[in-house]
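Have a look at target-v3.cif below; it lists mmCIF, C-alpha atoms and all ligand atoms.
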data_my_file
#
loop_
_atom_site.group_PDB
_atom_site.id
_atom_site.type_symbol
_atom_site.label_atom_id
_atom_site.label_comp_id
_atom_site.auth_asym_id
_atom_site.auth_seq_id
_atom_site.Cartn_x
_atom_site.Cartn_y
_atom_site.Cartn_z
ATOM 1 C CA MET A 295 0.000 0.000 0.000
ATOM 2 C CA ALA A 296 1.470 3.349 1.026
ATOM 3 C CA ALA A 297 5.077 3.767 -0.113
ATOM 4 C CA ARG A 298 5.733 5.243 3.259
ATOM 5 C CA GLN A 299 5.100 2.746 6.022
ATOM 6 C CA GLN A 300 6.243 4.797 8.924
ATOM 7 C CA THR A 301 5.935 3.178 12.262
ATOM 8 C CA VAL A 302 8.816 5.168 13.677
ATOM 9 C CA ASN A 303 9.272 8.800 14.629
ATOM 10 C CA CYS A 304 10.995 10.179 11.592
ATOM 11 C CA GLY A 305 10.359 13.208 9.398
ATOM 12 C CA CYS A 306 11.425 11.784 5.986
ATOM 13 C CA LYS A 307 9.245 12.434 2.937
ATOM 14 C CA GLY A 308 9.605 11.302 -0.704
ATOM 15 C CA ILE A 309 13.190 10.377 -1.557
ATOM 16 C CA ARG A 310 14.639 11.264 1.867
ATOM 17 C CA THR A 311 15.705 8.479 4.223
ATOM 18 C CA CYS A 312 17.305 7.929 7.625
ATOM 19 C CA LEU A 313 18.353 4.807 9.541
ATOM 20 C CA LEU A 314 14.901 4.616 11.123
ATOM 21 C CA CYS A 315 12.900 4.353 7.892
ATOM 22 C CA GLU A 316 15.403 2.396 5.782
ATOM 23 C CA ALA A 317 14.016 -0.813 7.295
ATOM 24 C CA ASN A 318 11.237 -0.151 4.799
ATOM 25 C CA ASP A 319 11.957 -1.900 1.411
ATOM 26 C CA ASP A 320 10.793 1.032 -0.731
ATOM 27 C CA LYS A 321 13.224 3.308 0.973
ATOM 28 C CA ARG A 322 16.121 0.831 0.735
ATOM 29 C CA GLN A 323 15.824 0.787 -3.067
ATOM 30 C CA LEU A 324 16.471 4.511 -3.150
ATOM 31 C CA LEU A 325 19.904 3.921 -1.674
ATOM 32 C CA ASN A 326 21.171 1.900 -4.642
ATOM 33 C CA LYS A 327 21.653 4.743 -7.080
ATOM 34 C CA LYS A 328 25.354 5.236 -7.817
ATOM 35 C CA ASP A 329 27.231 7.842 -9.811
ATOM 36 C CA SER A 330 29.365 6.680 -12.710
ATOM 37 C CA VAL A 331 32.501 8.758 -12.119
ATOM 38 C CA ARG A 332 33.413 10.988 -9.211
ATOM 39 C CA TYR A 333 36.263 13.465 -8.910
ATOM 40 C CA ASP A 334 37.172 14.013 -5.254
ATOM 41 C CA PHE A 335 38.923 17.057 -3.798
ATOM 42 C CA THR A 336 39.498 18.527 -0.369
ATOM 43 C CA TYR A 337 39.488 22.226 0.366
ATOM 44 C CA ASP A 338 42.755 23.694 1.621
ATOM 45 C CA GLN A 339 42.021 26.654 3.833
ATOM 46 C CA GLU A 340 45.482 28.260 3.491
ATOM 47 C CA SER A 341 45.658 28.311 -0.299
ATOM 48 C CA LYS A 342 41.860 28.387 -0.870
ATOM 49 C CA LEU A 343 42.386 25.650 -3.448
ATOM 50 C CA ALA A 344 40.421 22.462 -4.009
ATOM 51 C CA VAL A 345 43.202 19.850 -3.887
ATOM 52 C CA PRO A 346 42.824 16.380 -5.417
ATOM 53 C CA VAL A 347 42.662 13.562 -2.880
ATOM 54 C CA CYS A 348 45.489 10.985 -2.905
ATOM 55 C CA GLY A 349 45.783 8.985 -6.079
ATOM 56 C CA ASN A 350 43.680 11.455 -8.036
ATOM 57 C CA ILE A 351 45.476 12.749 -11.137
ATOM 58 C CA GLN A 352 43.428 15.930 -11.428
ATOM 59 C CA GLN A 353 44.795 19.457 -10.961
ATOM 60 C CA ALA A 354 44.058 21.618 -7.923
ATOM 61 C CA PHE A 355 41.760 24.551 -8.700
ATOM 62 C CA PRO A 356 40.820 27.820 -6.931
ATOM 63 C CA PHE A 357 37.721 27.450 -4.788
ATOM 64 C CA PRO A 358 36.267 30.848 -3.813
ATOM 65 C CA GLY A 359 33.207 31.410 -1.635
ATOM 66 C CA VAL A 360 34.187 29.619 1.575
ATOM 67 C CA PHE A 361 35.124 31.384 4.810
ATOM 68 C CA LEU A 362 35.969 29.657 8.089
ATOM 69 C CA TRP A 363 36.420 31.273 11.519
ATOM 70 C CA GLU A 364 37.884 28.682 13.857
ATOM 71 C CA ASN A 365 37.131 28.815 17.604
ATOM 72 C CA PHE A 366 34.350 31.301 16.984
ATOM 73 C CA VAL A 367 32.837 30.321 20.346
ATOM 74 C CA SER A 368 34.604 29.019 23.454
ATOM 75 C CA GLU A 369 33.908 25.614 24.999
ATOM 76 C CA LYS A 370 31.937 27.354 27.745
ATOM 77 C CA GLU A 371 29.791 29.238 25.234
ATOM 78 C CA GLU A 372 29.204 26.058 23.263
ATOM 79 C CA LYS A 373 27.855 24.400 26.402
ATOM 80 C CA GLU A 374 25.597 27.379 27.170
ATOM 81 C CA LEU A 375 24.262 27.485 23.626
ATOM 82 C CA VAL A 376 23.432 23.793 23.494
ATOM 83 C CA THR A 377 21.900 23.856 26.992
ATOM 84 C CA GLN A 378 19.628 26.702 25.853
ATOM 85 C CA MET A 379 18.656 24.881 22.667
ATOM 86 C CA ASP A 380 17.841 21.715 24.577
ATOM 87 C CA GLN A 381 15.309 23.639 26.635
ATOM 88 C CA ASN A 382 13.254 24.027 23.453
ATOM 89 C CA ILE A 383 11.540 21.207 21.584
ATOM 90 C CA TRP A 384 13.487 19.566 18.776
ATOM 91 C CA ARG A 385 11.065 18.805 15.931
ATOM 92 C CA GLU A 386 11.557 15.817 13.622
ATOM 93 C CA SER A 387 12.815 16.826 10.190
ATOM 94 C CA GLN A 388 13.959 15.100 6.981
ATOM 95 C CA SER A 389 16.821 12.576 6.725
ATOM 96 C CA GLY A 390 17.101 11.934 10.447
ATOM 97 C CA ARG A 391 17.610 15.552 11.438
ATOM 98 C CA ARG A 392 15.724 17.469 14.118
ATOM 99 C CA LYS A 393 15.207 21.210 14.010
ATOM 100 C CA GLN A 394 14.177 24.439 15.704
ATOM 101 C CA ASP A 395 13.319 27.461 13.632
ATOM 102 C CA PHE A 396 13.350 31.162 14.467
ATOM 103 C CA GLY A 397 12.093 32.907 11.348
ATOM 104 C CA PRO A 398 9.130 33.784 9.151
ATOM 105 C CA LYS A 399 6.789 31.200 7.665
ATOM 106 C CA VAL A 400 7.785 30.685 4.046
ATOM 107 C CA ASN A 401 6.258 28.889 1.077
ATOM 108 C CA PHE A 402 9.173 28.777 -1.362
ATOM 109 C CA LYS A 403 7.148 27.238 -4.214
ATOM 110 C CA LYS A 404 4.524 29.986 -4.109
ATOM 111 C CA ARG A 405 7.080 32.592 -3.087
ATOM 112 C CA ARG A 406 5.035 33.684 -0.077
ATOM 113 C CA VAL A 407 6.343 34.933 3.267
ATOM 114 C CA ARG A 408 4.262 35.499 6.396
ATOM 115 C CA LEU A 409 5.397 36.722 9.770
ATOM 116 C CA GLY A 410 3.546 33.760 11.317
ATOM 117 C CA GLY A 411 4.602 33.339 14.918
ATOM 118 C CA PHE A 412 8.049 34.835 14.359
ATOM 119 C CA SER A 413 9.160 36.592 17.530
ATOM 120 C CA GLY A 414 12.832 37.215 16.731
ATOM 121 C CA LEU A 415 16.169 35.486 16.949
ATOM 122 C CA PRO A 416 16.875 33.994 20.399
ATOM 123 C CA ALA A 417 18.439 36.282 23.026
ATOM 124 C CA ILE A 418 21.601 34.173 23.224
ATOM 125 C CA SER A 419 22.345 34.880 19.548
ATOM 126 C CA GLN A 420 22.727 38.632 19.977
ATOM 127 C CA LYS A 421 26.361 38.397 21.052
ATOM 128 C CA LEU A 422 27.071 35.878 18.261
ATOM 129 C CA VAL A 423 25.658 38.166 15.573
ATOM 130 C CA ASN A 424 27.621 41.127 16.998
ATOM 131 C CA ARG A 425 30.787 39.055 16.963
ATOM 132 C CA MET A 426 30.381 37.813 13.401
ATOM 133 C CA THR A 427 29.985 41.357 12.062
ATOM 134 C CA LYS A 428 33.580 42.077 13.172
ATOM 135 C CA GLU A 429 34.643 40.046 10.158
ATOM 136 C CA PRO A 430 34.702 42.349 7.078
ATOM 137 C CA LEU A 431 32.881 39.742 4.957
ATOM 138 C CA LEU A 432 29.980 39.902 7.446
ATOM 139 C CA ALA A 433 30.151 43.600 8.417
ATOM 140 C CA ASP A 434 26.648 44.273 7.029
ATOM 141 C CA PHE A 435 25.166 40.868 7.801
ATOM 142 C CA HIS A 436 21.635 41.141 9.287
ATOM 143 C CA PRO A 437 20.115 37.702 9.726
ATOM 144 C CA VAL A 438 16.321 37.321 9.740
ATOM 145 C CA GLU A 439 16.317 33.588 10.308
ATOM 146 C CA GLN A 440 18.122 31.169 12.589
ATOM 147 C CA CYS A 441 17.579 27.485 12.006
ATOM 148 C CA ASN A 442 19.052 25.062 14.541
ATOM 149 C CA LEU A 443 19.639 21.528 13.305
ATOM 150 C CA GLU A 444 20.587 18.449 15.279
ATOM 151 C CA TYR A 445 22.342 15.502 13.624
ATOM 152 C CA SER A 446 22.887 12.119 15.257
ATOM 153 C CA PRO A 447 24.767 9.033 14.041
ATOM 154 C CA LYS A 448 22.104 6.895 15.718
ATOM 155 C CA ARG A 449 19.486 8.278 13.351
ATOM 156 C CA GLY A 450 21.840 8.309 10.338
ATOM 157 C CA SER A 451 21.278 12.053 10.055
ATOM 158 C CA ALA A 452 22.420 13.798 6.888
ATOM 159 C CA ILE A 453 21.355 16.472 4.415
ATOM 160 C CA ASP A 454 21.316 15.646 0.698
ATOM 161 C CA PRO A 455 23.110 17.881 -1.819
ATOM 162 C CA HIS A 456 21.017 20.986 -2.413
ATOM 163 C CA LEU A 457 21.152 24.703 -3.144
ATOM 164 C CA ASP A 458 19.506 27.000 -0.602
ATOM 165 C CA ASP A 459 16.748 29.248 -1.891
ATOM 166 C CA SER A 460 17.967 32.490 -3.456
ATOM 167 C CA TRP A 461 14.666 34.364 -3.874
ATOM 168 C CA LEU A 462 14.256 35.171 -0.162
ATOM 169 C CA TRP A 463 17.642 34.179 1.257
ATOM 170 C CA GLY A 464 20.542 36.435 0.421
ATOM 171 C CA GLU A 465 24.165 36.056 -0.474
ATOM 172 C CA ARG A 466 25.690 34.702 2.733
ATOM 173 C CA LEU A 467 24.758 31.471 4.504
ATOM 174 C CA VAL A 468 26.366 31.497 7.935
ATOM 175 C CA THR A 469 26.591 28.340 10.056
ATOM 176 C CA LEU A 470 27.880 27.855 13.581
ATOM 177 C CA ASN A 471 29.008 24.248 14.040
ATOM 178 C CA LEU A 472 28.769 22.769 17.543
ATOM 179 C CA LEU A 473 29.548 19.543 19.442
ATOM 180 C CA SER A 474 31.313 17.627 16.612
ATOM 181 C CA ASP A 475 33.779 18.227 13.829
ATOM 182 C CA THR A 476 32.155 17.497 10.491
ATOM 183 C CA VAL A 477 32.699 17.864 6.760
ATOM 184 C CA ILE A 478 30.489 19.814 4.380
ATOM 185 C CA THR A 479 30.591 18.374 0.864
ATOM 186 C CA LEU A 480 30.241 20.793 -2.032
ATOM 187 C CA SER A 481 29.353 19.207 -5.351
ATOM 188 C CA LEU A 482 28.669 19.882 -8.999
ATOM 189 C CA ASP A 483 26.614 17.135 -10.649
ATOM 190 C CA GLN A 484 28.595 17.565 -13.849
ATOM 191 C CA GLY A 485 32.267 18.531 -13.971
ATOM 192 C CA TRP A 486 34.052 20.430 -16.753
ATOM 193 C CA GLY A 487 37.145 20.102 -18.955
ATOM 194 C CA ASP A 488 38.878 16.791 -18.286
ATOM 195 C CA MET A 489 36.417 16.095 -15.446
ATOM 196 C CA ASP A 490 33.317 16.083 -17.628
ATOM 197 C CA ARG A 491 32.385 12.430 -17.060
ATOM 198 C CA GLY A 492 30.749 12.814 -13.694
ATOM 199 C CA GLU A 493 30.327 14.571 -10.398
ATOM 200 C CA VAL A 494 32.952 16.803 -8.781
ATOM 201 C CA ARG A 495 33.052 16.895 -4.992
ATOM 202 C CA VAL A 496 34.993 19.158 -2.669
ATOM 203 C CA ALA A 497 35.118 18.172 1.023
ATOM 204 C CA VAL A 498 35.492 21.112 3.395
ATOM 205 C CA ASN A 499 36.373 20.501 7.050
ATOM 206 C CA MET A 500 34.091 22.237 9.500
ATOM 207 C CA PRO A 501 35.652 22.025 12.970
ATOM 208 C CA ARG A 502 33.611 22.021 16.162
ATOM 209 C CA ARG A 503 32.923 25.591 17.435
ATOM 210 C CA SER A 504 33.760 27.186 14.080
ATOM 211 C CA LEU A 505 31.726 29.640 12.028
ATOM 212 C CA PHE A 506 31.381 28.722 8.390
ATOM 213 C CA VAL A 507 30.208 30.995 5.552
ATOM 214 C CA LEU A 508 29.160 30.049 2.030
ATOM 215 C CA TYR A 509 28.861 32.822 -0.556
ATOM 216 C CA GLY A 510 29.423 33.483 -4.261
ATOM 217 C CA GLU A 511 29.929 30.402 -6.452
ATOM 218 C CA ALA A 512 30.147 28.059 -3.492
ATOM 219 C CA ARG A 513 26.675 29.244 -2.446
ATOM 220 C CA HIS A 514 24.927 29.649 -5.796
ATOM 221 C CA ARG A 515 26.540 27.126 -8.140
ATOM 222 C CA TRP A 516 27.858 24.311 -5.933
ATOM 223 C CA LYS A 517 25.363 22.184 -4.007
ATOM 224 C CA HIS A 518 26.163 21.496 -0.365
ATOM 225 C CA ALA A 519 25.514 18.407 1.752
ATOM 226 C CA ILE A 520 26.399 16.777 5.059
ATOM 227 C CA CYS A 521 26.986 13.076 4.405
ATOM 228 C CA ARG A 522 25.960 10.494 6.945
ATOM 229 C CA GLU A 523 29.526 9.213 7.305
ATOM 230 C CA HIS A 524 30.612 12.680 8.406
ATOM 231 C CA VAL A 525 28.294 12.711 11.413
ATOM 232 C CA LEU A 526 30.431 10.979 14.014
ATOM 233 C CA GLY A 527 28.734 12.195 17.168
ATOM 234 C CA ARG A 528 25.864 14.432 18.112
ATOM 235 C CA ARG A 529 26.170 17.577 16.013
ATOM 236 C CA VAL A 530 24.185 20.762 16.453
ATOM 237 C CA CYS A 531 24.410 23.739 14.140
ATOM 238 C CA SER A 532 22.742 27.114 13.775
ATOM 239 C CA THR A 533 22.345 28.538 10.278
ATOM 240 C CA PHE A 534 21.744 32.268 9.961
ATOM 241 C CA ARG A 535 20.190 33.649 6.783
ATOM 242 C CA GLU A 536 19.815 37.213 5.452
ATOM 243 C CA LEU A 537 17.359 38.793 2.988
ATOM 244 C CA THR A 538 17.853 39.385 -0.744
ATOM 245 C CA ALA A 539 17.740 42.895 -2.285
ATOM 246 C CA GLU A 540 14.015 42.455 -3.084
ATOM 247 C CA PHE A 541 13.313 42.704 0.676
ATOM 248 C CA LEU A 542 15.787 45.487 1.460
ATOM 249 C CA HIS A 543 15.793 49.275 1.034
ATOM 250 C CA GLY A 544 14.492 50.194 -2.442
ATOM 251 C CA GLY A 545 13.281 46.642 -3.126
ATOM 252 C CA GLU A 546 9.719 45.655 -4.036
ATOM 253 C CA GLN A 547 9.097 44.010 -0.683
ATOM 254 C CA GLU A 548 11.007 46.498 1.424
ATOM 255 C CA LYS A 549 8.130 46.924 3.907
ATOM 256 C CA LEU A 550 7.915 43.242 4.730
ATOM 257 C CA GLY A 551 11.700 43.050 4.844
ATOM 258 C CA SER A 552 11.969 45.868 7.336
ATOM 259 C CA GLU A 553 9.305 44.239 9.566
ATOM 260 C CA LEU A 554 11.286 41.011 9.482
ATOM 261 C CA LEU A 555 14.508 42.824 10.335
ATOM 262 C CA ASP A 556 12.858 44.628 13.264
ATOM 263 C CA ILE A 557 11.418 41.428 14.690
ATOM 264 C CA ALA A 558 14.636 39.439 14.166
ATOM 265 C CA SER A 559 16.804 42.059 15.842
ATOM 266 C CA SER A 560 14.630 42.238 18.976
ATOM 267 C CA PHE A 561 16.458 39.034 20.052
ATOM 268 C CA LYS A 562 13.435 37.998 22.085
ATOM 269 C CA GLY A 563 12.568 34.985 19.983
ATOM 270 C CA VAL A 564 11.113 31.617 20.802
ATOM 271 C CA PRO A 565 11.020 28.851 18.182
ATOM 272 C CA VAL A 566 8.079 29.023 15.737
HETATM 273 O O1 LIG A 601 24.053 21.239 8.581
HETATM 274 C C1 LIG A 601 24.585 22.098 7.885
HETATM 275 O O2 LIG A 601 25.685 22.600 8.168
HETATM 276 C C2 LIG A 601 23.923 22.543 6.594
HETATM 277 C C3 LIG A 601 22.434 22.678 6.683
HETATM 278 C C4 LIG A 601 21.851 23.150 5.396
HETATM 279 O O3 LIG A 601 22.460 23.097 4.375
HETATM 280 C C5 LIG A 601 20.502 23.716 5.359
HETATM 281 O O4 LIG A 601 19.807 23.698 6.386
HETATM 282 O O5 LIG A 601 20.095 24.215 4.305
HETATM 283 FE FE FE A 602 21.580 24.350 2.869
#

Transcribe the structure of this file into structure tokens.
Ligand SMILES: O=C(O)CCC(=O)C(=O)O
Ligand SMILES: [Fe+2]
Amino acid sequence: MAARQQTVNCGCKGIRTCLLCEANDDKRQLLNKKDSVRYDFTYDQESKLAVPVCGNIQQAFPFPGVFLWENFVSEKEEKELVTQMDQNIWRESQSGRRKQDFGPKVNFKKRRVRLGGFSGLPAISQKLVNRMTKEPLLADFHPVEQCNLEYSPKRGSAIDPHLDDSWLWGERLVTLNLLSDTVITLSLDQGWGDMDRGEVRVAVNMPRRSLFVLYGEARHRWKHAICREHVLGRRVCSTFRELTAEFLHGGEQEKLGSELLDIASSFKGVPV
């Protein structure tokens, strides 16, 4: 009967899976798709190059659009942040993740935004947002959404390769990574030049307590994913998103944008 026989608490829909629902045959079949050729690189933070992994004969290439701020929060702050988050309900989400959202209610397909129950970013984030704006790349960064995600190896948590929306969400995607080191995998389904036979992947290390920013090509052209094998312990992250020009001064939806900015920057939020 239903393709989705869920007897367990999981939030997966359609092609998404996690360890809890893969017991279901229909879901297991989805796991068998394999890519023909894959070109694997790792990102080198010093040189900002994507460097071929051992045994790979490809050339390194420049990889712009990634910024990493190591030790962005202290161990003590990390503990405080996670303790605060754990006082709120974690809601089941796709692919074995759980989430908490502080932001407007959005229908991306219909391109509709409502304030909904949005009451602002959480109080504890005020000092984080102030701190991040000390970095020139983020000097004018005004987030209007914070999404907390929790990943667990027990649930096989992951996020499939995707591009974030770029109608409502602006240039910079800013993520604070807590509790575990992980790897974010940036990919292009189809390579170029002598790598035109398959997918190109660039693995970027995201250390525990670091702030990670995607912008430019790495945000708009390369998909990003967290693979299951890179979730080695409980991982919690907070992603901060800003508005596009359409919702800012002089834009068509400036009024709504300015309401969102006012609410967000009250830092009195509870999850929606
Ligand atoms: O877990 C992460 O660091 C990435 C999450 C993500 O890509 C998203 O929520 O759109
Ligand atoms: Fe994303």

- Task: Pick out the residues no farther than 8 Å from ligand FE 602 (chain A), counting only C-alpha atoms and all ligand atoms, and list them as a VMD selection string.
- Result: chain A and resid 456 to 458 467 518 to 519

At a cut-off of 8 Å, can you tabulate as CSV every residue of chain A near ligand LIG 601 (chain A) together with its closest atom pair and the distance in Å to one decimal, using only C-alpha atoms and all ligand atoms and ordering rows by chain then number?
residue,atom,partner,partner_atom,distance
A:Cys441,CA,A:LIG601,O4,7.1
A:Leu443,CA,A:LIG601,O1,6.5
A:Tyr445,CA,A:LIG601,O1,7.8
A:Ala452,CA,A:LIG601,O1,7.8
A:Ile453,CA,A:LIG601,C3,6.7
A:His456,CA,A:LIG601,O3,7.3
A:Leu457,CA,A:LIG601,O5,7.5
A:Asp458,CA,A:LIG601,O5,5.7
A:Thr469,CA,A:LIG601,O2,6.1
A:Leu470,CA,A:LIG601,O2,7.9
A:Asn471,CA,A:LIG601,O2,6.9
A:Ile478,CA,A:LIG601,O2,6.7
A:His518,CA,A:LIG601,O3,6.2
A:Ala519,CA,A:LIG601,O3,6.2
A:Ile520,CA,A:LIG601,O1,6.1
A:Val530,CA,A:LIG601,O1,7.9
A:Cys531,CA,A:LIG601,O1,6.1
A:Ser532,CA,A:LIG601,O2,7.8
A:Thr533,CA,A:LIG601,O4,6.7

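What the PyMOL selection byres (((chain A and resi 463) around 8) and not hetatm) picks from this file is Asp458, Asp459, Ser460, Trp461, Leu462, Gly464, Glu465, Arg535, Glu536, Leu537 and Thr538 of chain A.
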
- Query: Do you know which residues the PyMOL selection byres (((chain A and resi 375-389) around 10) and not hetatm) returns on this file, as a VMD selection string?
  - Reply: chain A and resid 303 to 315 367 369 to 374 390 to 395 416 418 to 419 442 to 445 449 to 454 472 to 473 522 530 to 532 564 to 565

- Quick one: apply the PyMOL selection byres (((chain A and resi 526) around 10) and not hetatm) to the file and drop the selected residues here as a ChimeraX atom specification. /A:445-448,450,474-476,522-525,527-529

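Atom CA of A:Gln352 sits 23.8 Å away from atom CA of A:Met500.
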